[in-house]
$ cat data-v2.txt   # compact mmCIF, C-alpha atoms
# COMPACT_ATOMS: atom_id res chain seq x y z
CA MET A 1 64.63 16.77 -4.19
CA LYS A 2 64.37 18.98 -7.27
CA VAL A 3 63.12 22.51 -6.67
CA VAL A 4 60.83 24.22 -9.20
CA LEU A 5 60.85 28.01 -8.88
CA PHE A 6 58.36 30.29 -10.61
CA CYS A 7 60.40 33.20 -12.02
CA GLY A 8 58.27 34.51 -14.87
CA GLY A 9 56.21 37.31 -13.32
CA MET A 10 56.47 40.93 -14.38
CA GLY A 11 56.08 42.37 -10.89
CA MET A 12 53.73 45.14 -11.97
CA ARG A 13 53.52 46.52 -8.43
CA MET A 14 57.30 46.87 -8.43
CA ARG A 15 57.46 49.43 -11.23
CA GLU A 16 60.56 50.98 -9.71
CA TYR A 17 62.36 47.85 -10.99
CA SER A 18 60.07 45.96 -13.38
CA GLU A 19 61.02 47.97 -16.47
CA SER A 20 64.68 47.01 -16.13
CA VAL A 21 64.76 43.68 -14.26
CA PRO A 22 62.28 40.85 -13.58
CA LYS A 23 60.86 40.69 -10.08
CA PRO A 24 62.99 37.69 -8.98
CA MET A 25 66.11 39.77 -9.68
CA VAL A 26 65.19 42.67 -7.41
CA PRO A 27 68.05 42.84 -4.89
CA ILE A 28 67.97 42.43 -1.15
CA GLY A 29 71.41 43.53 -0.11
CA TYR A 30 73.73 42.68 -2.97
CA ARG A 31 71.95 39.51 -4.11
CA PRO A 32 68.54 39.18 -5.84
CA ILE A 33 65.61 37.75 -3.92
CA LEU A 34 65.77 34.70 -6.20
CA TRP A 35 69.25 33.95 -4.81
CA HIS A 36 67.92 34.21 -1.24
CA VAL A 37 65.18 31.67 -2.05
CA MET A 38 67.67 29.29 -3.71
CA LYS A 39 70.15 29.68 -0.87
CA TYR A 40 67.40 28.68 1.57
CA TYR A 41 66.75 25.41 -0.30
CA ALA A 42 70.46 24.72 -0.73
CA HIS A 43 70.88 25.04 3.04
CA TYR A 44 68.58 22.02 3.42
CA GLY A 45 70.46 20.05 0.78
CA HIS A 46 68.17 20.68 -2.21
CA LYS A 47 70.43 22.08 -4.92
CA ASP A 48 68.87 20.89 -8.18
CA PHE A 49 66.82 23.86 -9.40
CA ILE A 50 64.41 24.31 -12.30
CA LEU A 51 63.69 27.96 -13.06
CA CYS A 52 60.37 28.66 -14.81
CA LEU A 53 61.29 31.75 -16.80
CA GLY A 54 59.17 34.35 -18.58
CA TYR A 55 59.56 38.11 -18.38
CA LYS A 56 63.16 39.23 -19.07
CA ALA A 57 64.44 35.66 -18.88
CA ASP A 58 67.76 36.79 -20.32
CA VAL A 59 68.50 38.85 -17.21
CA ILE A 60 68.21 35.76 -14.99
CA LYS A 61 70.21 33.59 -17.37
CA ASN A 62 73.01 36.11 -17.69
CA TYR A 63 73.17 36.69 -13.94
CA PHE A 64 74.05 33.05 -13.29
CA ARG A 65 76.22 32.67 -16.40
CA ASN A 66 78.35 35.55 -15.12
CA TYR A 67 77.98 34.82 -11.41
CA ASP A 68 80.45 36.61 -9.17
CA GLU A 69 81.28 34.45 -6.16
CA CYS A 70 83.28 37.29 -4.59
CA ALA A 71 80.16 39.35 -3.92
CA SER A 72 79.00 37.11 -1.07
CA ASN A 73 82.06 35.09 -0.11
CA ASP A 74 85.42 35.72 1.53
CA PHE A 75 88.51 35.47 -0.68
CA ILE A 76 92.24 36.17 -0.80
CA LEU A 77 93.67 38.43 -3.48
CA SER A 78 97.40 38.27 -4.19
CA GLY A 79 99.96 38.82 -6.92
CA GLY A 80 98.87 42.41 -7.43
CA GLY A 81 95.36 41.29 -8.18
CA LYS A 82 96.33 38.46 -10.53
CA ASN A 83 95.53 35.63 -8.14
CA LEU A 84 92.19 35.11 -6.42
CA GLU A 85 91.50 32.33 -3.94
CA LEU A 86 87.93 31.82 -2.77
CA LEU A 87 87.62 30.78 0.87
CA ASN A 88 84.06 29.52 0.36
CA SER A 89 81.49 29.34 -2.43
CA ASP A 90 77.75 29.68 -2.99
CA ILE A 91 76.77 27.83 -6.13
CA HIS A 92 79.63 25.51 -7.08
CA ASP A 93 77.47 22.44 -6.40
CA TRP A 94 74.16 23.83 -7.65
CA ARG A 95 72.51 22.46 -10.80
CA ILE A 96 70.22 24.97 -12.49
CA THR A 97 67.87 24.22 -15.39
CA PHE A 98 66.57 27.29 -17.22
CA VAL A 99 63.20 26.79 -18.96
CA ASP A 100 61.19 29.36 -20.93
CA THR A 101 57.60 28.86 -19.72
CA GLY A 102 55.98 31.83 -21.49
CA LEU A 103 55.56 35.54 -20.95
CA THR A 104 51.94 35.46 -19.79
CA SER A 105 51.64 31.95 -18.34
CA ASN A 106 50.05 31.45 -14.95
CA ILE A 107 51.57 29.20 -12.27
CA GLY A 108 49.71 26.07 -13.38
CA MET A 109 50.87 26.53 -16.96
CA ARG A 110 54.47 27.12 -15.85
CA LEU A 111 54.45 23.98 -13.74
CA LYS A 112 53.10 21.89 -16.63
CA ALA A 113 55.78 23.33 -18.91
CA VAL A 114 58.55 21.75 -16.78
CA ARG A 115 56.81 18.42 -16.26
CA LYS A 116 59.44 16.48 -18.23
CA HIS A 117 62.14 17.76 -15.88
CA VAL A 118 60.48 16.22 -12.79
CA GLU A 119 58.61 13.27 -14.27
CA ASN A 120 61.08 10.82 -12.73
CA GLU A 121 60.78 12.40 -9.28
CA GLU A 122 58.34 10.80 -6.86
CA VAL A 123 58.29 14.04 -4.84
CA PHE A 124 59.53 17.52 -5.72
CA LEU A 125 59.50 21.00 -4.19
CA ALA A 126 58.14 24.21 -5.72
CA ASN A 127 57.83 27.84 -4.72
CA TYR A 128 57.25 31.42 -5.70
CA THR A 129 60.31 33.66 -5.82
CA ASP A 130 58.95 36.67 -3.97
CA GLY A 131 58.44 35.10 -0.52
CA LEU A 132 60.94 34.47 2.27
CA SER A 133 60.53 32.45 5.46
CA ASP A 134 62.34 30.63 8.24
CA VAL A 135 60.01 27.62 8.04
CA ASP A 136 61.81 24.37 8.89
CA LEU A 137 61.93 22.62 5.52
CA ASN A 138 62.99 19.29 7.02
CA LYS A 139 59.97 19.25 9.30
CA LEU A 140 57.76 20.38 6.41
CA THR A 141 58.85 17.53 4.14
CA GLU A 142 58.74 14.92 6.90
CA THR A 143 55.15 15.87 7.74
CA PHE A 144 54.18 15.71 4.09
CA LEU A 145 55.79 12.34 3.44
CA ARG A 146 54.11 10.82 6.49
CA SER A 147 50.73 12.14 5.36
CA GLY A 148 50.76 10.21 2.09
CA ARG A 149 48.94 13.09 0.37
CA LEU A 150 49.66 14.53 -3.06
CA ALA A 151 50.30 18.19 -2.31
CA SER A 152 51.18 20.55 0.51
CA PHE A 153 51.80 24.24 1.07
CA VAL A 154 52.65 26.54 3.96
CA SER A 155 49.80 28.60 5.38
CA VAL A 156 50.56 31.87 7.20
CA LYS A 157 48.64 34.55 9.01
CA PRO A 158 48.11 37.73 6.97
CA ARG A 159 49.72 40.77 8.57
CA ALA A 160 48.37 43.49 6.32
CA SER A 161 46.61 46.43 7.98
CA PHE A 162 43.14 45.45 6.83
CA HIS A 163 39.95 44.66 8.70
CA MET A 164 37.50 41.88 7.86
CA ILE A 165 33.83 42.69 8.03
CA SER A 166 30.61 40.72 7.94
CA VAL A 167 27.41 42.26 6.59
CA ASP A 168 23.77 41.26 6.19
CA GLY A 169 21.74 41.35 3.00
CA ASP A 170 21.11 45.08 3.38
CA GLY A 171 24.77 45.94 3.77
CA VAL A 172 24.53 46.57 7.51
CA VAL A 173 27.81 45.71 9.20
CA LYS A 174 27.46 42.94 11.76
CA GLY A 175 31.09 42.55 12.72
CA ILE A 176 34.58 43.89 12.12
CA GLU A 177 38.03 42.79 13.27
CA HIS A 178 41.66 43.05 12.22
CA ILE A 179 42.47 40.35 9.66
CA GLY A 180 45.42 39.21 11.74
CA LYS A 181 43.09 38.30 14.59
CA SER A 182 40.46 36.60 12.46
CA GLY A 183 42.09 33.18 12.33
CA VAL A 184 42.25 33.40 8.54
CA ARG A 185 45.36 31.98 6.88
CA ILE A 186 46.68 32.56 3.39
CA ASN A 187 48.76 30.61 0.90
CA GLY A 188 52.42 31.22 1.71
CA GLY A 189 53.90 28.98 -1.00
CA PHE A 190 56.68 26.47 -0.18
CA PHE A 191 54.85 23.71 -2.05
CA ILE A 192 55.60 20.00 -1.99
CA PHE A 193 54.13 17.84 -4.74
CA ARG A 194 54.02 14.21 -5.72
CA ARG A 195 54.33 13.68 -9.47
CA GLU A 196 50.62 12.79 -9.63
CA ILE A 197 49.91 16.52 -9.27
CA PHE A 198 50.00 16.84 -13.07
CA GLU A 199 46.92 14.64 -13.36
CA TYR A 200 44.96 17.38 -11.58
CA ILE A 201 46.06 20.30 -13.81
CA LYS A 202 44.29 20.93 -17.11
CA ASP A 203 45.61 23.22 -19.83
CA GLY A 204 45.46 26.90 -18.95
CA GLU A 205 44.44 26.42 -15.32
CA GLU A 206 45.82 28.39 -12.40
CA LEU A 207 47.40 26.02 -9.89
CA VAL A 208 45.70 27.19 -6.69
CA GLU A 209 42.25 27.41 -8.25
CA GLN A 210 40.77 24.46 -10.17
CA PRO A 211 43.58 21.92 -9.51
CA PHE A 212 43.69 22.64 -5.78
CA HIS A 213 39.91 22.34 -5.55
CA ARG A 214 40.15 18.91 -7.17
CA LEU A 215 42.76 17.93 -4.61
CA ILE A 216 40.54 19.22 -1.81
CA SER A 217 37.60 17.16 -3.05
CA LYS A 218 39.81 14.05 -2.83
CA GLY A 219 41.26 14.96 0.57
CA GLN A 220 44.73 15.18 -0.98
CA LEU A 221 45.81 18.75 -0.10
CA LEU A 222 47.73 19.38 3.11
CA SER A 223 48.45 22.75 4.72
CA HIS A 224 51.38 23.28 7.07
CA PRO A 225 50.63 26.19 9.48
CA HIS A 226 53.68 28.38 10.07
CA ASN A 227 53.67 31.04 12.77
CA GLY A 228 57.28 32.15 12.44
CA PHE A 229 58.74 34.57 9.94
CA TRP A 230 57.16 34.90 6.51
CA ALA A 231 57.16 37.91 4.23
CA CYS A 232 56.38 38.54 0.59
CA MET A 233 57.99 41.20 -1.59
CA ASP A 234 54.94 42.36 -3.48
CA THR A 235 55.47 46.12 -3.24
CA PHE A 236 58.37 48.55 -3.03
CA LYS A 237 57.52 49.19 0.63
CA GLU A 238 57.86 45.49 1.43
CA LEU A 239 61.18 45.41 -0.38
CA GLN A 240 62.43 48.28 1.77
CA GLU A 241 61.37 46.44 4.93
CA LEU A 242 63.21 43.27 3.89
CA ASP A 243 66.26 45.23 2.84
CA ASP A 244 66.26 47.00 6.20
CA LEU A 245 66.22 43.67 8.07
CA TYR A 246 69.11 42.49 5.94
CA SER A 247 71.08 45.71 6.50
CA ARG A 248 70.65 45.37 10.28
CA GLY A 249 71.94 41.80 10.19
CA ASN A 250 68.58 40.54 11.42
CA ALA A 251 67.24 38.58 8.43
CA PRO A 252 65.36 35.53 9.80
CA TRP A 253 65.04 33.85 6.39
CA MET A 254 68.85 33.50 6.15
CA VAL A 255 68.80 30.17 7.98
CA TRP A 256 72.17 29.31 6.42
CA ASN A 257 73.67 31.97 8.72
CA GLY A 258 72.00 30.55 11.82
CA HIS A 259 69.31 33.22 12.11
CA ALA A 260 66.45 32.21 14.42
CA LYS A 261 64.63 35.42 15.25
CA GLY A 262 61.64 34.98 12.99
CA ARG A 263 58.93 34.78 15.65
CA VAL A 264 59.86 38.23 16.93
CA ILE A 265 60.48 39.97 13.62
CA ALA A 266 57.43 38.48 11.88
CA GLU A 267 55.07 40.79 13.69
CA GLN A 268 56.95 43.85 12.45
CA ILE A 269 56.35 43.29 8.73
CA PRO A 270 52.87 43.83 7.29
CA CYS A 271 52.41 41.57 4.28
CA CYS A 272 49.63 40.53 1.96
CA GLU A 273 49.27 37.57 -0.36
CA ALA A 274 51.12 38.40 -3.56
CA ILE A 275 49.68 38.24 -7.06
CA ARG A 276 52.16 35.83 -8.58
CA SER A 277 53.00 34.30 -11.93
$ encode --input "data-v2.txt" --output "C-alpha cells"
Amino acid sequence: MKVVLFCGGMGMRMREYSESVPKPMVPIGYRPILWHVMKYYAHYGHKDFILCLGYKADVIKNYFRNYDECASNDFILSGGGKNLELLNSDIHDWRITFVDTGLTSNIGMRLKAVRKHVENEEVFLANYTDGLSDVDLNKLTETFLRSGRLASFVSVKPRASFHMISVDGDGVVKGIEHIGKSGVRINGGFFIFRREIFEYIKDGEELVEQPFHRLISKGQLLSHPHNGFWACMDTFKELQELDDLYSRGNAPWMVWNGHAKGRVIAEQIPCCEAIRS
C-alpha cells in the first residue's frame, strides 16, 4: 500500500529546532523522526511513500537526495578509503514522492493535495510524522479490511500528567481523576483510508473535524485501540525522552530490530495529543 505522510508542520513547540529544520527532520539518534516512521512502514512491506511537504521542504528533499547509507548500516572500507561496500541498506527499494502541499495547509488540505497520487489505490495508509508506536500494522490493516469501512485510526490512552474534572452549572467540582484512568482515548494517527475518503473532505477542512464527523454519521469510521507503546514528539522534553530510549537500546517503535518492550516502556513516557499539520 502507498503511505501518505504529513510533513509540512512548523513544529512551533519545538523552537529549539524549528528555525533551522522542519519538525519531521528533528533527529532521534542519528536519523530524523521521519526516517523512523518510514522505516516502520518499510518493515511491514509498505515502501511507496508520498511526503506532504510544507515548511522548509527543501531540507527534507535534500536529506534524501544526499542520503548517507553508511550512517545506519554496516559497511567495509578498503583501498585506503577508495572502496566502500555496504553490507546492508535502508532505502534502496523505497519509492518517495515529494509533493509541496502548502506552508499553512491543514491535514485535510494536504491529503487532498496528493489525491492524484493515490486515486488508483483502493486502500492507502497515512500518518503524522511526529508519532512512534509498536502497533502491529498487519493486524491493523487486516481488521480494517474485514470491517469494510472507509477509514480507521489508532486510538491510545493519554499519558500526560493532567486531571479531568466535572463541574456543575455553578462551577462546583463534582469529580476529578487522572486522565490516564478516565477511559478517554485520543487520536494516535496511523490512518487507513479507502479512496472514497476524498468524497468526505471539502476544501479547507481539517481531516479529523468535519470529514470525520461525516464518517461517524455514516458509521464508516473505525478506531483500533492500542495499549502498547505510543509516543508523540510534540515538545523538546518528549524528544529527549525518545532519544534517551534510543540511546539505551530500548526503543519499542524500532520493530525492524525486533524490539517488543512497548507495554512496559509506554507507561514511562507522558504524552499528549500533538497539534499537527
$ closest_residue --input "data-v2.txt" --among "A:Glu205, A:Asp130, A:Glu85, A:Leu222" --to "Leu145 of chain A" --atoms "only C-alpha atoms"
A:Leu222
$ atom_distance --input "data-v2.txt" --atom1 "atom CA of Thr97 of chain A" --atom2 "atom CA of Asn62 of chain A"
13.2 Å
$ residues_around --input "data-v2.txt" --residues "Tyr41 of chain A" --least-positions-apart "4" --cutoff "10 Å" --atoms "only C-alpha atoms" --output "ChimeraX atom specification"
/A:1-3,35-37,45-49,125,137,255-256
$ atom_distance --input "data-v2.txt" --atom1 "atom CA of Asp100 of chain A" --atom2 "atom CA of Arg195 of chain A"
20.6 Å
$ closest_residue --input "data-v2.txt" --among "A:Pro24, A:Gly29, A:Phe144, A:Ser72" --to "Glu241 of chain A" --atoms "only C-alpha atoms"
A:Gly29
$ residues_around --input "data-v2.txt" --residues "Thr101 of chain A" --least-positions-apart "2" --cutoff "7 Å" --atoms "all atoms listed in the file" --output "number ranges by chain"
A: 52-54, 99, 105, 110, 113
$ residues_around --input "data-v2.txt" --residues "Ala57 of chain A" --least-positions-apart "6" --cutoff "12 Å" --atoms "all atoms listed in the file" --output "list in words"
Phe6, Cys7, Gly8, Gly9, Met10, Ser20, Val21, Pro22, Lys23, Pro24, Met25, Leu51, Tyr63, Phe64, Phe98, Val99, Asp100, Thr101, Gly102 and Leu103 of chain A
$ closest_residue --input "data-v2.txt" --among "A:Thr129, A:Thr104, A:Asn83, A:Ser89" --to "Asp68 of chain A" --atoms "all atoms listed in the file"
A:Ser89
$ atom_distance --input "data-v2.txt" --atom1 "atom CA of Tyr128 of chain A" --atom2 "atom CA of Asn250 of chain A"
22.5 Å
$ residues_near_point --input "data-v2.txt" --point "(51.0, 24.5, -0.7)" --cutoff "12 Å" --atoms "all atoms listed in the file" --output "PyMOL selection string"
chain A and resi 125-128+140-141+144+149-156+186-194+197+207-209+211-212+215-216+220-226
$ closest_residue --input "data-v2.txt" --among "A:Ile91, A:Ile176, A:Ile107, A:Val167" --to "His43 of chain A" --atoms "only C-alpha atoms"
A:Ile91
$ closest_residue --input "data-v2.txt" --among "A:Lys202, A:Tyr30, A:Met233, A:Ser78" --to "Ser247 of chain A" --atoms "all atoms listed in the file"
A:Tyr30
$ closest_residue --input "data-v2.txt" --among "A:Ile96, A:Cys70, A:Leu34, A:Ala42" --to "Leu84 of chain A" --atoms "all atoms listed in the file"
A:Cys70
